[in-house]
Amino acid sequence: MVAGSAAAQQLTVDPFPTAIETTQGVVAVKFVEFATIPDVKGEAPRLMHFVDEPGTKRLFVSVMTGALYSLSYDGKVVTEYLDLTAPAWNVAVQASGAEQGVQSFAFHPQFNQRGTPGYGKFYTYTDSSNTAPKPDFVTPGPNRTQDTVLHEWTAKNPAAARYDGGAPREVFRAAQPFGNHNGGQIGFNPLAAARSAEFGLLYVGLGDGGSGGDPFNVSQNLSQAFGKILRIDPLGKTSANGQYGIPASNPFVKKGPDALGEIYASGVRNPQRFSWDAKTGQLFVADIGQNAVEEISPVTAGANLGWNTWEASFPYVKGQVDTTRQRDEAGLTWPIVEYDHRDPLFQRAAITGLIIYRRNEVRQLQNLMIFGDNPSGQIFYVDANKLPNGGQAAVRQVLFNDHGTHKTLLQLIGETNAKQKREPAGRADLRFGEGPRGQVFVLNKRDGVIRLFVPD
């Protein structure tokens with residue numbers, strides 16, 4: 001009994017007892033309120049994802065309840081581009097839960113190039129209450145709370161103010177056993193050159209199915225799509241359902257029938273956001289942790305990020321991390337950045353991101369990897385040229401410079417809520433967006449305002 005009690009105490013030790021530094025190395029950046037998205041039935045819109053579409057010189061932002069808005073490059077024109085809840089589309093957006101709804105969207109890099117296979121095409125990644133169709137991916141569990149569906153849309157005129165095409169084509173659907181951390185981001189590599197093998201391949205984050213602890217052990221199972229980052233050719237036909245292609249360069253294509261060819265990397269829990277470094281070409285993912293540690297990790301073809309046998313740098317044992325061991329298993333890809341849930345900055349923690357700022361317009365952000373904490377709205381950075389090797393010692397804060405006063409995002413949201421005659425939000429639900437010149441946009445789900453960091 002004594003030995004067991006000692007082991008239990010070791011499992012609950014704070015992984016990083018030295019708190020994140022809040023007095024040294026703080027970066028404060030000026031900002032503007034770039035645009036405001038309309039309320040949804042009297043509530044602030046749940047802004048989720050933000051994309052630049054350079055061909056039509058517009059920005060786009062999604063609302064989890066089902067709307068996709070276009071924004072002019074100066075933020076002055078905001079137009080509803082597509083309502084995914086319209087009955088004609090038969091998408092059946094399921095947005096009743098806090099984590100459910102329109103998860104992500106992406107424009108094909110040929111969206112505005114007439115005569116190309118990707119002309120007019122974009123993709124949405126949506127939780128759907130329609131569970132009648134046969135799913136392409138299932139977990140071993142008996143539940144099916146909703147499906148997460150990847151759709152392809154084809155606009156007749158990509159430059160039209162509103163979507164002018166027909167009903168979407170279903171690319172694949174995953175049957176979800178629980179209502180939390182189901183989908184993630186989808187996106188094309190913006191650094192891929194035309195005619196390269198990487199061009200036009202869509203990366204898809206698919207969570208471990210939800211609940212807690214990966215109850216069906218799917219993340220380490222290469223016959224399962226869940227708990228993975230997938231890479232597909234949405235214009236191809238070589239998949240089992242014939243609706244997309246499996247790139248021949250994917251790492252598990254030739255590993256036999258027990259490994260899915262769609263898998264690019266494994267061992268993720270909730271791969272909410274990923275991004276490429278324009279300088280190095282490296283892909284990074286912000287993966288939300290379970291009970292103790294949040295992480296950002298590099299992603300390469302065939303990488304195993306460790307979940308659910310590891311939570312970031314620590315073994316995951318019966319719902320907790322074992323801080324007596326670190327990074328002692330061969331063949332895994334370890335985080336470059338971590339922070340723990342017990343840090344005084346957080347009541348709840350869930351990492352989000354992710355932008356590597358390689359521009360020089362906003363000098364304070366130059367060569368920084370910028371990420372944040374979803375619930376608290378805290379924004380952080382590390383040096384992108386000297387990436388750490390895990391832990392939170394290198395993590396520093398980014399604050400908003402509001403006419404000389406330094407504020408957090410949650411403080412700004414509370415001030416806007418007061419003007420809106422609403423109670424101040426208790427959480428931010430932070431997300432980031434990147435503009436055509438690398439600008440850093442800050443979204444949230446609590447006041448509808450998109451903020452933009454600007455030079456001094």
# chains A, B, ... in the order shown; residues from 1 in each chain; ligands from 1
>>> select_by_dssp(residues="region 23-260 of chain A", states="strand (DSSP E or B)", output="NGL selection string")
:A and (27-36 or 40 or 43 or 47-53 or 58-63 or 67-72 or 78-83 or 93 or 102-107 or 121-128 or 137 or 146-154 or 169-176 or 186-188 or 202-206 or 228-233 or 245)
>>> residues_around(residues="Leu82 (chain A)", least_positions_apart="3", cutoff="9 Å", atoms="only C-alpha atoms", output="list of chain:residue names")
A:Gly66, A:Ala67, A:Leu68, A:Tyr69, A:Ser70, A:Thr85, A:Ala86, A:Arg162, A:Tyr163
>>> write_last_selection(atoms="N, CA and C atoms", output="PDB file, in the first residue's frame")
ATOM      1  N   GLY A  66     -22.283  27.443 -38.821  1.00  0.00           N
ATOM      2  CA  GLY A  66     -22.576  27.074 -40.196  1.00  0.00           C
ATOM      3  C   GLY A  66     -22.317  28.099 -41.273  1.00  0.00           C
ATOM      4  N   ALA A  67     -21.895  29.315 -40.934  1.00  0.00           N
ATOM      5  CA  ALA A  67     -21.703  30.340 -41.949  1.00  0.00           C
ATOM      6  C   ALA A  67     -20.230  30.483 -42.318  1.00  0.00           C
ATOM      7  N   LEU A  68     -20.006  30.824 -43.579  1.00  0.00           N
ATOM      8  CA  LEU A  68     -18.674  31.138 -44.079  1.00  0.00           C
ATOM      9  C   LEU A  68     -18.744  32.544 -44.649  1.00  0.00           C
ATOM     10  N   TYR A  69     -17.909  33.462 -44.096  1.00  0.00           N
ATOM     11  CA  TYR A  69     -17.914  34.862 -44.505  1.00  0.00           C
ATOM     12  C   TYR A  69     -16.665  35.191 -45.297  1.00  0.00           C
ATOM     13  N   SER A  70     -16.822  36.087 -46.297  1.00  0.00           N
ATOM     14  CA  SER A  70     -15.665  36.668 -46.977  1.00  0.00           C
ATOM     15  C   SER A  70     -15.427  38.067 -46.438  1.00  0.00           C
ATOM     16  N   THR A  85     -25.949  25.636 -43.509  1.00  0.00           N
ATOM     17  CA  THR A  85     -27.153  25.061 -42.911  1.00  0.00           C
ATOM     18  C   THR A  85     -28.344  25.093 -43.866  1.00  0.00           C
ATOM     19  N   ALA A  86     -28.196  25.691 -45.047  1.00  0.00           N
ATOM     20  CA  ALA A  86     -29.310  25.759 -45.993  1.00  0.00           C
ATOM     21  C   ALA A  86     -29.785  24.349 -46.348  1.00  0.00           C
ATOM     22  N   ARG A 162     -21.127  35.660 -53.464  1.00  0.00           N
ATOM     23  CA  ARG A 162     -21.684  34.526 -52.742  1.00  0.00           C
ATOM     24  C   ARG A 162     -21.443  33.244 -53.541  1.00  0.00           C
ATOM     25  N   TYR A 163     -21.395  32.158 -52.836  1.00  0.00           N
ATOM     26  CA  TYR A 163     -21.201  30.877 -53.501  1.00  0.00           C
ATOM     27  C   TYR A 163     -22.313  30.655 -54.513  1.00  0.00           C
TER      28      TYR A 163
END
>>> atom_distance(atom1="CA of Thr56 (chain A)", atom2="CA of Ile37 (chain A)")
20.0 Å
>>> closest_atom_pairs(of="region 322-371 of chain A", to="region 274-278 of chain A", cutoff="8 Å", atoms="only C-alpha atoms", output="Markdown table")
| residue | atom | partner | partner_atom | distance |
| --- | --- | --- | --- | --- |
| A:Gly353 | CA | A:Phe274 | CA | 7.2 |
| A:Leu354 | CA | A:Ser275 | CA | 5.9 |
| A:Ile355 | CA | A:Ser275 | CA | 6.4 |
| A:Ile356 | CA | A:Asp277 | CA | 5.7 |
| A:Arg358 | CA | A:Ala278 | CA | 7.0 |
>>> residues_around(residues="region 175-180 of chain A", least_positions_apart="6", cutoff="10 Å", atoms="only C-alpha atoms", output="ChimeraX atom specification")
/A:94,96-100,127-128,131,133-149,207-212,216,226,270
>>> write_last_selection(atoms="N, CA and C atoms", output="CSV table (one decimal), in the first residue's frame")
chain,number,residue,atom,x,y,z
A,94,GLN,N,-24.0,19.9,-37.2
A,94,GLN,CA,-24.3,19.6,-35.8
A,94,GLN,C,-23.4,20.5,-35.0
A,96,SER,N,-24.5,21.8,-31.7
A,96,SER,CA,-25.1,22.0,-30.4
A,96,SER,C,-24.1,21.9,-29.3
A,97,GLY,N,-23.0,21.2,-29.5
A,97,GLY,CA,-22.0,21.0,-28.4
A,97,GLY,C,-21.0,22.1,-28.6
A,98,ALA,N,-20.2,22.3,-27.5
A,98,ALA,CA,-19.2,23.4,-27.5
A,98,ALA,C,-18.1,23.2,-28.5
A,99,GLU,N,-17.8,21.9,-28.8
A,99,GLU,CA,-16.7,21.6,-29.7
A,99,GLU,C,-17.2,21.1,-31.1
A,100,GLN,N,-18.5,21.2,-31.3
A,100,GLN,CA,-19.1,20.7,-32.6
A,100,GLN,C,-19.5,21.8,-33.5
A,127,ASP,N,-19.0,18.8,-38.6
A,127,ASP,CA,-19.8,17.8,-37.8
A,127,ASP,C,-21.2,17.8,-38.3
A,128,SER,N,-21.8,16.6,-38.5
A,128,SER,CA,-23.1,16.5,-39.1
A,128,SER,C,-24.0,15.6,-38.3
A,131,THR,N,-26.5,10.8,-39.7
A,131,THR,CA,-25.7,9.6,-39.5
A,131,THR,C,-26.2,8.4,-40.3
A,133,PRO,N,-25.9,7.9,-43.8
A,133,PRO,CA,-25.0,7.3,-44.8
A,133,PRO,C,-23.9,6.4,-44.1
A,134,LYS,N,-23.4,5.5,-44.9
A,134,LYS,CA,-22.4,4.6,-44.4
A,134,LYS,C,-21.1,5.3,-44.2
A,135,PRO,N,-20.4,5.2,-43.1
A,135,PRO,CA,-19.2,6.0,-42.8
A,135,PRO,C,-18.0,5.3,-43.5
A,136,ASP,N,-17.0,6.0,-43.8
A,136,ASP,CA,-15.7,5.5,-44.4
A,136,ASP,C,-14.8,5.1,-43.2
A,137,PHE,N,-14.9,5.7,-42.1
A,137,PHE,CA,-14.0,5.4,-41.0
A,137,PHE,C,-14.9,5.3,-39.7
A,138,VAL,N,-14.6,4.2,-38.9
A,138,VAL,CA,-15.3,4.0,-37.7
A,138,VAL,C,-14.3,3.6,-36.6
A,139,THR,N,-14.7,3.8,-35.4
A,139,THR,CA,-13.9,3.3,-34.2
A,139,THR,C,-14.4,2.0,-33.8
A,140,PRO,N,-13.8,1.3,-32.9
A,140,PRO,CA,-14.3,0.0,-32.4
A,140,PRO,C,-15.5,0.2,-31.4
A,141,GLY,N,-15.8,1.5,-31.0
A,141,GLY,CA,-16.9,1.7,-30.1
A,141,GLY,C,-18.2,1.6,-30.7
A,142,PRO,N,-19.3,1.4,-29.9
A,142,PRO,CA,-20.6,1.2,-30.4
A,142,PRO,C,-21.4,2.5,-30.6
A,143,ASN,N,-20.9,3.6,-30.0
A,143,ASN,CA,-21.6,4.9,-30.1
A,143,ASN,C,-21.4,5.6,-31.5
A,144,ARG,N,-22.4,6.4,-31.9
A,144,ARG,CA,-22.2,7.2,-33.1
A,144,ARG,C,-23.0,8.5,-32.8
A,145,THR,N,-22.3,9.5,-32.2
A,145,THR,CA,-23.0,10.7,-31.8
A,145,THR,C,-23.2,11.6,-32.9
A,146,GLN,N,-22.3,11.7,-33.9
A,146,GLN,CA,-22.4,12.5,-35.1
A,146,GLN,C,-21.3,12.0,-36.0
A,147,ASP,N,-21.3,12.5,-37.2
A,147,ASP,CA,-20.3,12.2,-38.2
A,147,ASP,C,-19.5,13.5,-38.5
A,148,THR,N,-18.2,13.4,-38.7
A,148,THR,CA,-17.4,14.5,-39.2
A,148,THR,C,-17.2,14.2,-40.7
A,149,VAL,N,-17.6,15.2,-41.5
A,149,VAL,CA,-17.7,15.0,-43.0
A,149,VAL,C,-16.8,16.0,-43.7
A,207,GLY,N,-9.2,13.8,-34.8
A,207,GLY,CA,-8.9,13.5,-33.4
A,207,GLY,C,-9.1,12.0,-33.1
A,208,ASP,N,-8.9,11.7,-31.8
A,208,ASP,CA,-9.0,10.3,-31.4
A,208,ASP,C,-10.4,9.8,-31.1
A,209,GLY,N,-11.4,10.6,-31.4
A,209,GLY,CA,-12.8,10.2,-31.2
A,209,GLY,C,-13.5,10.8,-30.0
A,210,GLY,N,-12.7,11.3,-29.1
A,210,GLY,CA,-13.3,12.0,-27.9
A,210,GLY,C,-13.3,11.2,-26.7
A,211,SER,N,-14.2,11.6,-25.8
A,211,SER,CA,-14.2,11.1,-24.4
A,211,SER,C,-12.9,11.5,-23.7
A,212,GLY,N,-12.2,10.5,-23.2
A,212,GLY,CA,-10.9,10.8,-22.5
A,212,GLY,C,-10.0,9.6,-22.6
A,216,PHE,N,-10.5,3.7,-27.1
A,216,PHE,CA,-10.5,2.6,-28.0
A,216,PHE,C,-9.1,2.4,-28.6
A,226,PHE,N,-8.5,7.5,-37.0
A,226,PHE,CA,-8.6,8.4,-35.9
A,226,PHE,C,-7.3,8.5,-35.1
A,270,ASN,N,-5.8,15.6,-30.3
A,270,ASN,CA,-6.8,16.6,-30.8
A,270,ASN,C,-6.0,17.6,-31.6
>>> closest_residue(among="A:Glu423, A:Asp340, A:Glu262, A:Asp214", to="Asn291 (chain A)", atoms="only C-alpha atoms")
A:Asp340
